[in-house]
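Engineer: To start, I am sharing the structure in question, which I have written as structure tokens.
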Amino acid sequence: MKTSLTLGGVILGLTAAVTLMLLSFLAPMMNSGPDDVPVAVSAPAPVVSALDEKVAVTTYDDPAAARDAVLQRDAVGAVTVDADGATVYTASGAGQPYTQVLTGIAAGMDATVDDLAPTTQDDPTAAGLNALALPLAFGGMVSAAVLSVTMKKRHLHRVLGAVLFSLAAGLAVGAVLQFGFGTFDGNYWATAGVLALGVAGTSLFVLGLEALVGVPGLVLGAVLTLFVSNPLSGIATGWQWLPSPWGAVGQYMPIGAAGSATRSVAFFDGAGVAHPVWVLVAWTTVGVLLVGAAAVRGRRAA
């Protein structure tokens with residue numbers, strides 16, 4: 001009887017986990033769209049009003065300022081109308097859905113299209129970048145789990161192992177994407193650096209949770225990583241495509257921050273990279289502090 005109850009509980013728990021995973025990925029996807037996509041506009045009032053029904057418009061008096069908003073990652077695209085005609089500025093590196101929306105707008109206005117942050121010829125859809133979420137998630141989770149099992153009570157070795165693995169993972173993933181598939185053609189070291197920081201943010205935080213509360217810490221870390229950070233990261237589309245406010249929430253999680261930082265260094269010459277990098281530094285620091293607290297507690301108990 002006891003075995004049957006245990007088996008039933010395991011089956012129900014696993015079913016709930018699979019259902020939760022499906023909902024966590026499907027709900028943001030089904031509610032995503034261009035409604036909250038930020039577009040810079042410098043145009044007459046009728047044009048602004050028409051665009052405001054399709055996207056989230058921020059107006060600029062100067063067409064050059066609207067263009068700069070795209071380059072600084074304050075907007076995913078821009079529409080300008082002046083004496084020389086209409087121009088739609090896209091940024092393929094910000095995400096493919098935005099480019100599709102903006103080119104549709106350009107077709108309706110008979111406007112010139114200018115891509116300010118293009119993807120590479122080898123990977124025009126940035127498929128390599130779109131696939132980053134799972135390596136970042138599982139790289140952080142698996143490294144934390146393995147180090148927790150193999151380095152029990154050796155807290156310094158855990159932290160050192162997580163840091164070294166994160167560096168190796170960042171270098172390896174960056175090399176595969178840049179030199180293997182041609183997804184990036186910018187500064188390899190900067191790209192590898194933000195990827196390494198992305199893995200470290202998850203790995204060290206989960207290590208800290210496990211060091212303090214044991215297996216429940218690993219479970220909590222897995223839930224946050226797989227069911228929250230991953231589906232809200234917006235890596236495949238760009239976070240602005242997700243429903244508000246969840247896209248913005250995802251930017252305060254490690255995977256979302258790592259995705260945005262990677263886009264910034266790969267396609268925008270580092271513009272907009274400060275915020276996601278500080279988010280990753282914060283997660284990494286909290287993880288180290290949690291491991292340190294567990295080490296202090298262990299010494300006092302001894």
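In the structure tokens, chains take the letters A, B, ... in the order shown, each chain's residues start at 1, and ligands count up from 1 in the order shown.
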For Lys54 of chain A, list every protein, DNA or RNA residue within 12 Å, evaluated using only C-alpha atoms, and leave out those in the same chain fewer than 2 positions away; present the list as an MDAnalysis selection string.
Structural biologist: chainID A and resid 33:39 47:52 56:57 98 101:102 104:105
Engineer: Can you spit out the residues from that selection as a compact mmCIF listing (two decimals), in the first residue's frame, using C-alpha atoms?
Structural biologist:
```txt
# COMPACT_ATOMS: atom_id res chain seq x y z
CA GLY A 33 3.13 40.29 -30.20
CA PRO A 34 4.02 43.78 -31.40
CA ASP A 35 1.70 45.76 -29.07
CA ASP A 36 4.48 46.76 -26.66
CA VAL A 37 7.34 46.84 -29.17
CA PRO A 38 9.15 50.21 -28.79
CA VAL A 39 9.56 52.08 -32.07
CA VAL A 47 1.71 59.13 -39.28
CA VAL A 48 2.41 58.92 -35.55
CA SER A 49 -1.27 58.23 -34.82
CA ALA A 50 -1.43 55.48 -37.43
CA LEU A 51 1.71 53.78 -36.10
CA ASP A 52 0.57 54.10 -32.48
CA ALA A 56 4.47 51.39 -28.86
CA VAL A 57 5.56 54.74 -30.29
CA TYR A 98 10.60 43.26 -35.17
CA VAL A 101 6.77 44.10 -38.47
CA LEU A 102 8.85 47.09 -39.57
CA GLY A 104 5.55 45.46 -43.29
CA ILE A 105 5.15 49.07 -42.18
```
Engineer: Using only C-alpha atoms, which residues sit within 9 Å of Ser229 of chain A once same-chain residues fewer than 3 positions away are excluded, as a PyMOL selection string?
Structural biologist: chain A and resi 137+223-226+232-233+249-256
Engineer: Export, as a tab-separated table (two decimals), in the first residue's frame, the selected residues with all heavy atoms.
Structural biologist:
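Wrote it out as out37.tsv, contents follow:
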```tsv
chain	number	residue	atom	x	y	z
A	137	ALA	N	20.78	27.55	-19.63
A	137	ALA	CA	20.02	26.99	-18.51
A	137	ALA	C	20.64	25.72	-17.98
A	137	ALA	O	20.93	25.58	-16.79
A	137	ALA	CB	18.57	26.75	-18.94
A	223	VAL	N	13.55	25.15	-10.72
A	223	VAL	CA	12.27	25.80	-11.03
A	223	VAL	C	12.49	27.22	-11.54
A	223	VAL	O	11.90	27.63	-12.56
A	223	VAL	CB	11.36	25.81	-9.78
A	223	VAL	CG1	10.13	26.69	-10.02
A	223	VAL	CG2	10.93	24.39	-9.43
A	224	LEU	N	13.34	27.98	-10.85
A	224	LEU	CA	13.60	29.35	-11.27
A	224	LEU	C	14.26	29.41	-12.65
A	224	LEU	O	13.95	30.27	-13.47
A	224	LEU	CB	14.50	30.05	-10.25
A	224	LEU	CG	13.87	30.40	-8.90
A	224	LEU	CD1	14.91	30.95	-7.95
A	224	LEU	CD2	12.73	31.40	-9.09
A	225	THR	N	15.16	28.46	-12.89
A	225	THR	CA	15.89	28.47	-14.16
A	225	THR	C	15.03	28.00	-15.32
A	225	THR	O	14.94	28.65	-16.35
A	225	THR	CB	17.14	27.57	-14.05
A	225	THR	OG1	17.99	28.07	-13.01
A	225	THR	CG2	17.91	27.56	-15.36
A	226	LEU	N	14.38	26.84	-15.15
A	226	LEU	CA	13.67	26.21	-16.26
A	226	LEU	C	12.27	26.77	-16.48
A	226	LEU	O	11.80	26.87	-17.61
A	226	LEU	CB	13.57	24.70	-16.03
A	226	LEU	CG	14.90	23.96	-15.91
A	226	LEU	CD1	14.67	22.48	-15.65
A	226	LEU	CD2	15.73	24.14	-17.18
A	232	LEU	N	10.96	33.33	-19.91
A	232	LEU	CA	10.82	34.78	-19.91
A	232	LEU	C	12.06	35.49	-20.46
A	232	LEU	O	12.14	36.71	-20.43
A	232	LEU	CB	10.55	35.29	-18.49
A	232	LEU	CG	9.24	34.84	-17.84
A	232	LEU	CD1	9.06	35.49	-16.48
A	232	LEU	CD2	8.04	35.13	-18.73
A	233	SER	N	13.03	34.72	-20.96
A	233	SER	CA	14.28	35.32	-21.41
A	233	SER	C	14.11	36.13	-22.70
A	233	SER	O	14.81	37.12	-22.91
A	233	SER	CB	15.34	34.24	-21.62
A	233	SER	OG	14.97	33.37	-22.69
A	249	VAL	N	10.46	41.54	-16.75
A	249	VAL	CA	10.82	40.71	-15.59
A	249	VAL	C	11.94	39.74	-15.96
A	249	VAL	O	12.89	39.54	-15.21
A	249	VAL	CB	9.59	39.94	-15.07
A	249	VAL	CG1	10.01	38.90	-14.02
A	249	VAL	CG2	8.58	40.90	-14.47
A	250	GLY	N	11.83	39.15	-17.15
A	250	GLY	CA	12.84	38.20	-17.59
A	250	GLY	C	14.22	38.79	-17.72
A	250	GLY	O	15.23	38.08	-17.63
A	251	GLN	N	14.30	40.13	-17.91
A	251	GLN	CA	15.61	40.78	-18.04
A	251	GLN	C	16.34	40.89	-16.70
A	251	GLN	O	17.51	41.26	-16.66
A	251	GLN	CB	15.44	42.16	-18.67
A	251	GLN	CG	14.96	42.11	-20.10
A	251	GLN	CD	15.84	41.22	-20.95
A	251	GLN	OE1	16.99	41.55	-21.25
A	251	GLN	NE2	15.32	40.08	-21.36
A	252	TYR	N	15.63	40.61	-15.62
A	252	TYR	CA	16.28	40.59	-14.30
A	252	TYR	C	16.62	39.17	-13.86
A	252	TYR	O	17.01	38.95	-12.72
A	252	TYR	CB	15.38	41.26	-13.27
A	252	TYR	CG	15.31	42.76	-13.45
A	252	TYR	CD1	14.35	43.33	-14.26
A	252	TYR	CD2	16.24	43.58	-12.83
A	252	TYR	CE1	14.30	44.71	-14.46
A	252	TYR	CE2	16.20	44.96	-13.01
A	252	TYR	CZ	15.23	45.51	-13.82
A	252	TYR	OH	15.19	46.88	-14.02
A	253	MET	N	16.48	38.22	-14.79
A	253	MET	CA	16.88	36.83	-14.55
A	253	MET	C	18.13	36.53	-15.37
A	253	MET	O	18.39	37.20	-16.38
A	253	MET	CB	15.74	35.88	-14.94
A	253	MET	CG	14.41	36.18	-14.28
A	253	MET	SD	14.45	35.91	-12.50
A	253	MET	CE	14.53	34.13	-12.42
A	254	PRO	N	18.93	35.54	-14.97
A	254	PRO	CA	20.22	35.31	-15.64
A	254	PRO	C	20.14	35.04	-17.13
A	254	PRO	O	20.94	35.59	-17.91
A	254	PRO	CB	20.79	34.11	-14.88
A	254	PRO	CG	20.16	34.16	-13.54
A	254	PRO	CD	18.78	34.69	-13.77
A	255	ILE	N	19.20	34.21	-17.58
A	255	ILE	CA	19.19	33.84	-19.00
A	255	ILE	C	18.77	35.01	-19.86
A	255	ILE	O	19.35	35.28	-20.92
A	255	ILE	CB	18.28	32.62	-19.23
A	255	ILE	CG1	18.78	31.43	-18.41
A	255	ILE	CG2	18.24	32.25	-20.71
A	255	ILE	CD1	17.89	30.21	-18.48
A	256	GLY	N	17.75	35.74	-19.43
A	256	GLY	CA	17.33	36.91	-20.18
A	256	GLY	C	18.41	37.97	-20.26
A	256	GLY	O	18.65	38.56	-21.33
```
Engineer: Report as CSV the residues of segment 205-285 of chain A within 9 Å of segment 184-193 of chain A, each with its shortest atom pair and distance in Å (one decimal), using only C-alpha atoms, ordered by chain and increasing residue number.
Structural biologist:
```
residue,atom,partner,partner_atom,distance
A:Ala261,CA,A:Thr191,CA,8.3
A:Thr262,CA,A:Thr191,CA,5.9
A:Arg263,CA,A:Thr191,CA,8.8
A:Val265,CA,A:Thr191,CA,6.2
A:Ala266,CA,A:Gly186,CA,5.4
A:Phe267,CA,A:Gly186,CA,7.3
A:Asp269,CA,A:Gly186,CA,7.9
A:Gly270,CA,A:Ala190,CA,8.8
```
Engineer: Please produce an output containing C-alpha atoms for each residue in the selection, written as a CSV table (one decimal), in the first residue's frame.
Structural biologist:
```csv
chain,number,residue,atom,x,y,z
A,261,ALA,CA,24.1,41.3,-23.3
A,262,THR,CA,25.0,38.9,-26.1
A,263,ARG,CA,22.9,40.8,-28.6
A,265,VAL,CA,28.1,43.0,-27.9
A,266,ALA,CA,27.4,41.0,-31.1
A,267,PHE,CA,25.3,43.4,-33.0
A,269,ASP,CA,29.0,47.4,-30.5
A,270,GLY,CA,28.2,47.1,-26.8
```
Engineer: Please measure the separation of atom CA of Ser92 of chain A and atom CA of Gly77 of chain A, giving the value in Å to one decimal.
Structural biologist: 9.3 Å
Engineer: Which polymer residues have any atom within 7 Å of an atom of Leu207 of chain A, counting only C-alpha atoms, with same-chain residues fewer than 5 positions away left out, as number ranges by chain?
Structural biologist: A: 144, 148, 287, 291
Engineer: Report, in Å with one decimal, the straight-line distance from atom CA of Ala131 of chain A to atom CA of Glu210 of chain A.
Structural biologist: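 Interatomic distance here is 27.6 Å.
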Engineer: Check the smallest atom-to-atom distance from each of A:Thr202, A:Leu197, A:Gln178, A:Pro245 to Thr120 of chain A using only C-alpha atoms, then report the winner.
Structural biologist: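 Ranked by minimum distance to Thr120 of chain A, first place goes to A:Gln178.
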Engineer: Residues of segment 52-231 of chain A in strand (DSSP E or B) according to DSSP, as a ChimeraX atom specification?
Structural biologist: /A:56-59,77-82,85-90,112-115
Engineer: Using all heavy atoms, can you export the residues from the last selection as a tab-separated table (two decimals), in the first residue's frame?
Structural biologist:
```
chain	number	residue	atom	x	y	z
A	56	ALA	N	4.30	50.39	-29.92
A	56	ALA	CA	4.47	51.39	-28.86
A	56	ALA	C	5.40	52.49	-29.36
A	56	ALA	O	6.60	52.29	-29.51
A	56	ALA	CB	5.04	50.74	-27.61
A	57	VAL	N	4.83	53.66	-29.64
A	57	VAL	CA	5.56	54.74	-30.29
A	57	VAL	C	6.18	55.69	-29.27
A	57	VAL	O	5.54	56.07	-28.29
A	57	VAL	CB	4.63	55.53	-31.23
A	57	VAL	CG1	5.28	56.82	-31.70
A	57	VAL	CG2	4.23	54.67	-32.42
A	58	THR	N	7.43	56.06	-29.50
A	58	THR	CA	8.08	57.17	-28.81
A	58	THR	C	8.48	58.19	-29.86
A	58	THR	O	9.18	57.85	-30.82
A	58	THR	CB	9.33	56.71	-28.04
A	58	THR	OG1	8.96	55.72	-27.07
A	58	THR	CG2	9.98	57.88	-27.32
A	59	THR	N	8.01	59.41	-29.71
A	59	THR	CA	8.23	60.42	-30.76
A	59	THR	C	9.52	61.19	-30.51
A	59	THR	O	9.92	61.42	-29.36
A	59	THR	CB	7.07	61.41	-30.82
A	59	THR	OG1	6.89	62.04	-29.55
A	59	THR	CG2	5.77	60.69	-31.21
A	77	GLY	N	13.37	49.71	-33.58
A	77	GLY	CA	13.31	50.21	-34.94
A	77	GLY	C	12.85	51.65	-34.92
A	77	GLY	O	12.48	52.19	-33.87
A	78	ALA	N	12.88	52.30	-36.07
A	78	ALA	CA	12.47	53.70	-36.16
A	78	ALA	C	11.79	53.96	-37.49
A	78	ALA	O	12.08	53.30	-38.51
A	78	ALA	CB	13.67	54.63	-35.99
A	79	VAL	N	10.90	54.93	-37.47
A	79	VAL	CA	10.23	55.40	-38.69
A	79	VAL	C	10.39	56.91	-38.74
A	79	VAL	O	10.04	57.61	-37.78
A	79	VAL	CB	8.73	55.04	-38.70
A	79	VAL	CG1	8.06	55.61	-39.96
A	79	VAL	CG2	8.53	53.53	-38.60
A	80	THR	N	10.97	57.40	-39.81
A	80	THR	CA	11.16	58.85	-39.96
A	80	THR	C	10.55	59.31	-41.29
A	80	THR	O	10.61	58.61	-42.29
A	80	THR	CB	12.65	59.23	-39.92
A	80	THR	OG1	13.31	58.69	-41.08
A	80	THR	CG2	13.32	58.71	-38.66
A	81	VAL	N	9.98	60.49	-41.22
A	81	VAL	CA	9.42	61.12	-42.43
A	81	VAL	C	9.88	62.57	-42.44
A	81	VAL	O	9.63	63.32	-41.50
A	81	VAL	CB	7.88	61.06	-42.45
A	81	VAL	CG1	7.35	61.76	-43.71
A	81	VAL	CG2	7.39	59.62	-42.40
A	82	ASP	N	10.60	62.96	-43.49
A	82	ASP	CA	11.05	64.34	-43.64
A	82	ASP	C	10.95	64.74	-45.11
A	82	ASP	O	10.30	64.06	-45.91
A	82	ASP	CB	12.47	64.52	-43.10
A	82	ASP	CG	13.47	63.57	-43.74
A	82	ASP	OD1	13.17	63.04	-44.84
A	82	ASP	OD2	14.55	63.35	-43.17
A	85	GLY	N	11.69	62.13	-47.74
A	85	GLY	CA	10.84	60.96	-47.85
A	85	GLY	C	10.78	60.17	-46.56
A	85	GLY	O	11.22	60.63	-45.50
A	86	ALA	N	10.25	58.95	-46.63
A	86	ALA	CA	10.07	58.09	-45.46
A	86	ALA	C	11.16	57.03	-45.41
A	86	ALA	O	11.53	56.44	-46.44
A	86	ALA	CB	8.71	57.43	-45.49
A	87	THR	N	11.68	56.80	-44.22
A	87	THR	CA	12.69	55.77	-44.00
A	87	THR	C	12.30	54.93	-42.79
A	87	THR	O	11.90	55.48	-41.76
A	87	THR	CB	14.08	56.38	-43.76
A	87	THR	OG1	14.44	57.20	-44.88
A	87	THR	CG2	15.12	55.29	-43.60
A	88	VAL	N	12.41	53.63	-42.93
A	88	VAL	CA	12.18	52.72	-41.80
A	88	VAL	C	13.52	52.08	-41.45
A	88	VAL	O	14.16	51.45	-42.30
A	88	VAL	CB	11.14	51.64	-42.17
A	88	VAL	CG1	11.09	50.58	-41.06
A	88	VAL	CG2	9.78	52.26	-42.37
A	89	TYR	N	13.94	52.28	-40.20
A	89	TYR	CA	15.20	51.72	-39.72
A	89	TYR	C	14.90	50.44	-38.94
A	89	TYR	O	14.13	50.46	-37.97
A	89	TYR	CB	15.93	52.72	-38.83
A	89	TYR	CG	16.40	53.96	-39.56
A	89	TYR	CD1	15.68	55.16	-39.46
A	89	TYR	CD2	17.54	53.94	-40.34
A	89	TYR	CE1	16.11	56.30	-40.13
A	89	TYR	CE2	17.97	55.07	-41.01
A	89	TYR	CZ	17.25	56.25	-40.90
A	89	TYR	OH	17.68	57.37	-41.57
A	90	THR	N	15.49	49.37	-39.36
A	90	THR	CA	15.34	48.10	-38.65
A	90	THR	C	16.66	47.76	-37.94
A	90	THR	O	17.68	48.42	-38.14
A	90	THR	CB	14.98	46.97	-39.63
A	90	THR	OG1	16.06	46.78	-40.56
A	90	THR	CG2	13.71	47.30	-40.38
A	112	THR	N	11.93	53.66	-47.65
A	112	THR	CA	13.24	53.02	-47.75
A	112	THR	C	13.54	52.29	-46.45
A	112	THR	O	13.23	52.78	-45.36
A	112	THR	CB	14.33	54.08	-48.00
A	112	THR	OG1	14.04	54.77	-49.21
A	112	THR	CG2	15.70	53.42	-48.11
A	113	VAL	N	14.13	51.10	-46.54
A	113	VAL	CA	14.47	50.30	-45.35
A	113	VAL	C	15.98	50.29	-45.18
A	113	VAL	O	16.72	50.01	-46.13
A	113	VAL	CB	13.94	48.86	-45.48
A	113	VAL	CG1	14.35	48.04	-44.26
A	113	VAL	CG2	12.42	48.87	-45.64
A	114	ASP	N	16.42	50.56	-43.94
A	114	ASP	CA	17.85	50.58	-43.62
A	114	ASP	C	18.07	49.76	-42.36
A	114	ASP	O	17.54	50.10	-41.30
A	114	ASP	CB	18.31	52.03	-43.42
A	114	ASP	CG	19.82	52.13	-43.19
A	114	ASP	OD1	20.50	51.09	-43.26
A	114	ASP	OD2	20.31	53.26	-42.95
A	115	ASP	N	18.82	48.68	-42.47
A	115	ASP	CA	19.11	47.82	-41.31
A	115	ASP	C	20.36	48.35	-40.61
A	115	ASP	O	21.47	48.26	-41.13
A	115	ASP	CB	19.33	46.38	-41.78
A	115	ASP	CG	19.28	45.38	-40.64
A	115	ASP	OD1	19.45	45.80	-39.47
A	115	ASP	OD2	19.07	44.18	-40.91
```
Engineer: When distances are computed from only C-alpha atoms, which of A:Ala126, A:Val70, A:Val146, A:Ala91 shows the smallest separation from Leu218 of chain A?
Structural biologist: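 Closest to Leu218 of chain A, using only C-alpha atoms: A:Val146.
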Engineer: What does the distance between atom CA of Met151 of chain A and atom CA of Leu280 of chain A come to in Å, to one decimal place?
Structural biologist: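 That distance, rounded to one decimal, is 24.1 Å.
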Engineer: Which residue out of A:Gln121, A:Gly238, A:Pro243, A:Thr3 has the minimum interatomic distance to Thr99 of chain A when only C-alpha atoms are used?
Structural biologist: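 Of all the options, A:Gly238 lies closest to Thr99 of chain A.
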Engineer: I need the residues in segment 29-216 of chain A that are helix (DSSP H, G or I) according to DSSP; give them as number ranges by chain.
Structural biologist: A: 29-30, 34-36, 45-52, 63-71, 92-94, 96-109, 127-130, 133-150, 155-180, 188-213, 215-216
Engineer: Just write the chosen residues, C-alpha atoms, as an mmCIF file, in the first residue's frame.
Structural biologist:
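New file selection29.cif:
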```
data_model
loop_
_atom_site.group_PDB
_atom_site.id
_atom_site.type_symbol
_atom_site.label_atom_id
_atom_site.label_comp_id
_atom_site.auth_asym_id
_atom_site.auth_seq_id
_atom_site.Cartn_x
_atom_site.Cartn_y
_atom_site.Cartn_z
ATOM 1 C CA MET A 29 4.452 32.582 -26.531
ATOM 2 C CA MET A 30 0.692 32.669 -27.130
ATOM 3 C CA PRO A 34 4.016 43.785 -31.401
ATOM 4 C CA ASP A 35 1.704 45.756 -29.069
ATOM 5 C CA ASP A 36 4.477 46.761 -26.657
ATOM 6 C CA ALA A 45 1.096 63.661 -36.374
ATOM 7 C CA PRO A 46 -1.131 61.584 -38.696
ATOM 8 C CA VAL A 47 1.707 59.127 -39.281
ATOM 9 C CA VAL A 48 2.412 58.921 -35.548
ATOM 10 C CA SER A 49 -1.271 58.230 -34.819
ATOM 11 C CA ALA A 50 -1.434 55.483 -37.426
ATOM 12 C CA LEU A 51 1.707 53.778 -36.099
ATOM 13 C CA ASP A 52 0.567 54.098 -32.483
ATOM 14 C CA PRO A 63 15.045 61.973 -37.442
ATOM 15 C CA ALA A 64 18.692 61.523 -36.416
ATOM 16 C CA ALA A 65 17.626 61.152 -32.762
ATOM 17 C CA ALA A 66 15.103 58.475 -33.728
ATOM 18 C CA ARG A 67 17.827 56.637 -35.618
ATOM 19 C CA ASP A 68 20.209 56.887 -32.652
ATOM 20 C CA ALA A 69 17.533 55.413 -30.376
ATOM 21 C CA VAL A 70 17.798 52.190 -32.387
ATOM 22 C CA LEU A 71 21.593 52.153 -32.230
ATOM 23 C CA SER A 92 17.879 42.519 -37.331
ATOM 24 C CA GLY A 93 20.219 41.874 -34.424
ATOM 25 C CA ALA A 94 17.506 42.936 -31.977
ATOM 26 C CA GLN A 96 13.599 38.810 -36.235
ATOM 27 C CA PRO A 97 9.938 39.530 -35.362
ATOM 28 C CA TYR A 98 10.603 43.263 -35.165
ATOM 29 C CA THR A 99 12.191 43.296 -38.590
ATOM 30 C CA GLN A 100 9.136 41.581 -40.059
ATOM 31 C CA VAL A 101 6.772 44.103 -38.468
ATOM 32 C CA LEU A 102 8.850 47.087 -39.574
ATOM 33 C CA THR A 103 9.315 45.883 -43.133
ATOM 34 C CA GLY A 104 5.546 45.458 -43.291
ATOM 35 C CA ILE A 105 5.152 49.067 -42.177
ATOM 36 C CA ALA A 106 7.714 50.150 -44.761
ATOM 37 C CA ALA A 107 5.806 48.378 -47.521
ATOM 38 C CA GLY A 108 2.617 50.202 -46.551
ATOM 39 C CA MET A 109 4.390 53.571 -46.583
ATOM 40 C CA ALA A 127 19.392 30.828 -35.337
ATOM 41 C CA GLY A 128 22.513 30.220 -33.245
ATOM 42 C CA LEU A 129 21.553 32.981 -30.840
ATOM 43 C CA ASN A 130 17.978 31.705 -30.662
ATOM 44 C CA ALA A 133 18.592 29.516 -23.846
ATOM 45 C CA LEU A 134 18.936 25.787 -23.224
ATOM 46 C CA PRO A 135 22.771 25.717 -23.095
ATOM 47 C CA LEU A 136 22.706 28.624 -20.649
ATOM 48 C CA ALA A 137 20.017 26.994 -18.508
ATOM 49 C CA PHE A 138 21.377 23.470 -18.436
ATOM 50 C CA GLY A 139 24.998 24.611 -18.309
ATOM 51 C CA GLY A 140 24.286 26.493 -15.108
ATOM 52 C CA MET A 141 22.038 23.838 -13.587
ATOM 53 C CA VAL A 142 24.117 20.781 -14.456
ATOM 54 C CA SER A 143 27.367 22.348 -13.279
ATOM 55 C CA ALA A 144 25.748 23.308 -9.968
ATOM 56 C CA ALA A 145 24.323 19.818 -9.471
ATOM 57 C CA VAL A 146 27.586 18.039 -10.339
ATOM 58 C CA LEU A 147 29.708 20.295 -8.145
ATOM 59 C CA SER A 148 27.243 19.934 -5.261
ATOM 60 C CA VAL A 149 27.555 16.142 -5.404
ATOM 61 C CA THR A 150 31.308 15.888 -6.027
ATOM 62 C CA HIS A 155 32.755 25.352 -0.620
ATOM 63 C CA LEU A 156 35.828 27.060 -2.028
ATOM 64 C CA HIS A 157 36.314 24.270 -4.541
ATOM 65 C CA ARG A 158 32.665 24.559 -5.559
ATOM 66 C CA VAL A 159 32.983 28.257 -6.306
ATOM 67 C CA LEU A 160 36.291 27.776 -8.105
ATOM 68 C CA GLY A 161 34.849 24.922 -10.157
ATOM 69 C CA ALA A 162 31.782 26.966 -11.132
ATOM 70 C CA VAL A 163 33.925 29.924 -12.195
ATOM 71 C CA LEU A 164 36.314 27.794 -14.262
ATOM 72 C CA PHE A 165 33.472 25.874 -15.902
ATOM 73 C CA SER A 166 31.632 29.112 -16.735
ATOM 74 C CA LEU A 167 34.744 30.516 -18.396
ATOM 75 C CA ALA A 168 35.279 27.314 -20.376
ATOM 76 C CA ALA A 169 31.609 27.153 -21.392
ATOM 77 C CA GLY A 170 31.598 30.795 -22.495
ATOM 78 C CA LEU A 171 34.699 30.311 -24.612
ATOM 79 C CA ALA A 172 33.420 27.060 -26.134
ATOM 80 C CA VAL A 173 29.870 28.245 -26.910
ATOM 81 C CA GLY A 174 31.159 31.558 -28.244
ATOM 82 C CA ALA A 175 33.654 29.764 -30.497
ATOM 83 C CA VAL A 176 31.027 27.365 -31.859
ATOM 84 C CA LEU A 177 28.620 30.197 -32.676
ATOM 85 C CA GLN A 178 31.202 32.596 -34.093
ATOM 86 C CA PHE A 179 33.717 30.348 -35.832
ATOM 87 C CA GLY A 180 31.570 27.277 -36.412
ATOM 88 C CA TYR A 188 34.824 37.112 -29.800
ATOM 89 C CA TRP A 189 36.234 37.776 -26.330
ATOM 90 C CA ALA A 190 33.406 40.141 -25.400
ATOM 91 C CA THR A 191 30.812 37.644 -26.606
ATOM 92 C CA ALA A 192 32.477 34.762 -24.764
ATOM 93 C CA GLY A 193 32.721 36.926 -21.654
ATOM 94 C CA VAL A 194 29.003 37.690 -21.411
ATOM 95 C CA LEU A 195 28.161 34.058 -22.159
ATOM 96 C CA ALA A 196 30.468 32.947 -19.347
ATOM 97 C CA LEU A 197 28.863 35.464 -16.998
ATOM 98 C CA GLY A 198 25.440 34.139 -17.987
ATOM 99 C CA VAL A 199 26.382 30.570 -17.040
ATOM 100 C CA ALA A 200 28.032 31.767 -13.817
ATOM 101 C CA GLY A 201 24.926 33.703 -12.783
ATOM 102 C CA THR A 202 22.836 30.531 -12.729
ATOM 103 C CA SER A 203 25.535 28.096 -11.594
ATOM 104 C CA LEU A 204 26.748 30.047 -8.573
ATOM 105 C CA PHE A 205 23.268 31.062 -7.437
ATOM 106 C CA VAL A 206 22.038 27.460 -7.510
ATOM 107 C CA LEU A 207 25.227 26.334 -5.755
ATOM 108 C CA GLY A 208 24.503 28.857 -3.028
ATOM 109 C CA LEU A 209 20.948 27.614 -2.592
ATOM 110 C CA GLU A 210 22.113 24.018 -2.344
ATOM 111 C CA ALA A 211 24.858 24.929 0.114
ATOM 112 C CA LEU A 212 22.313 26.537 2.443
ATOM 113 C CA VAL A 213 19.305 24.200 2.247
ATOM 114 C CA VAL A 215 18.427 19.279 -2.209
ATOM 115 C CA PRO A 216 15.440 21.671 -1.887
#
```
Engineer: From the set A:Val228, A:Pro44, A:Ala258, A:Gly8, which residue has the shortest atom-to-atom contact distance to Trp246 of chain A, counting only C-alpha atoms?
Structural biologist: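 Closest to Trp246 of chain A of all the choices is A:Val228.
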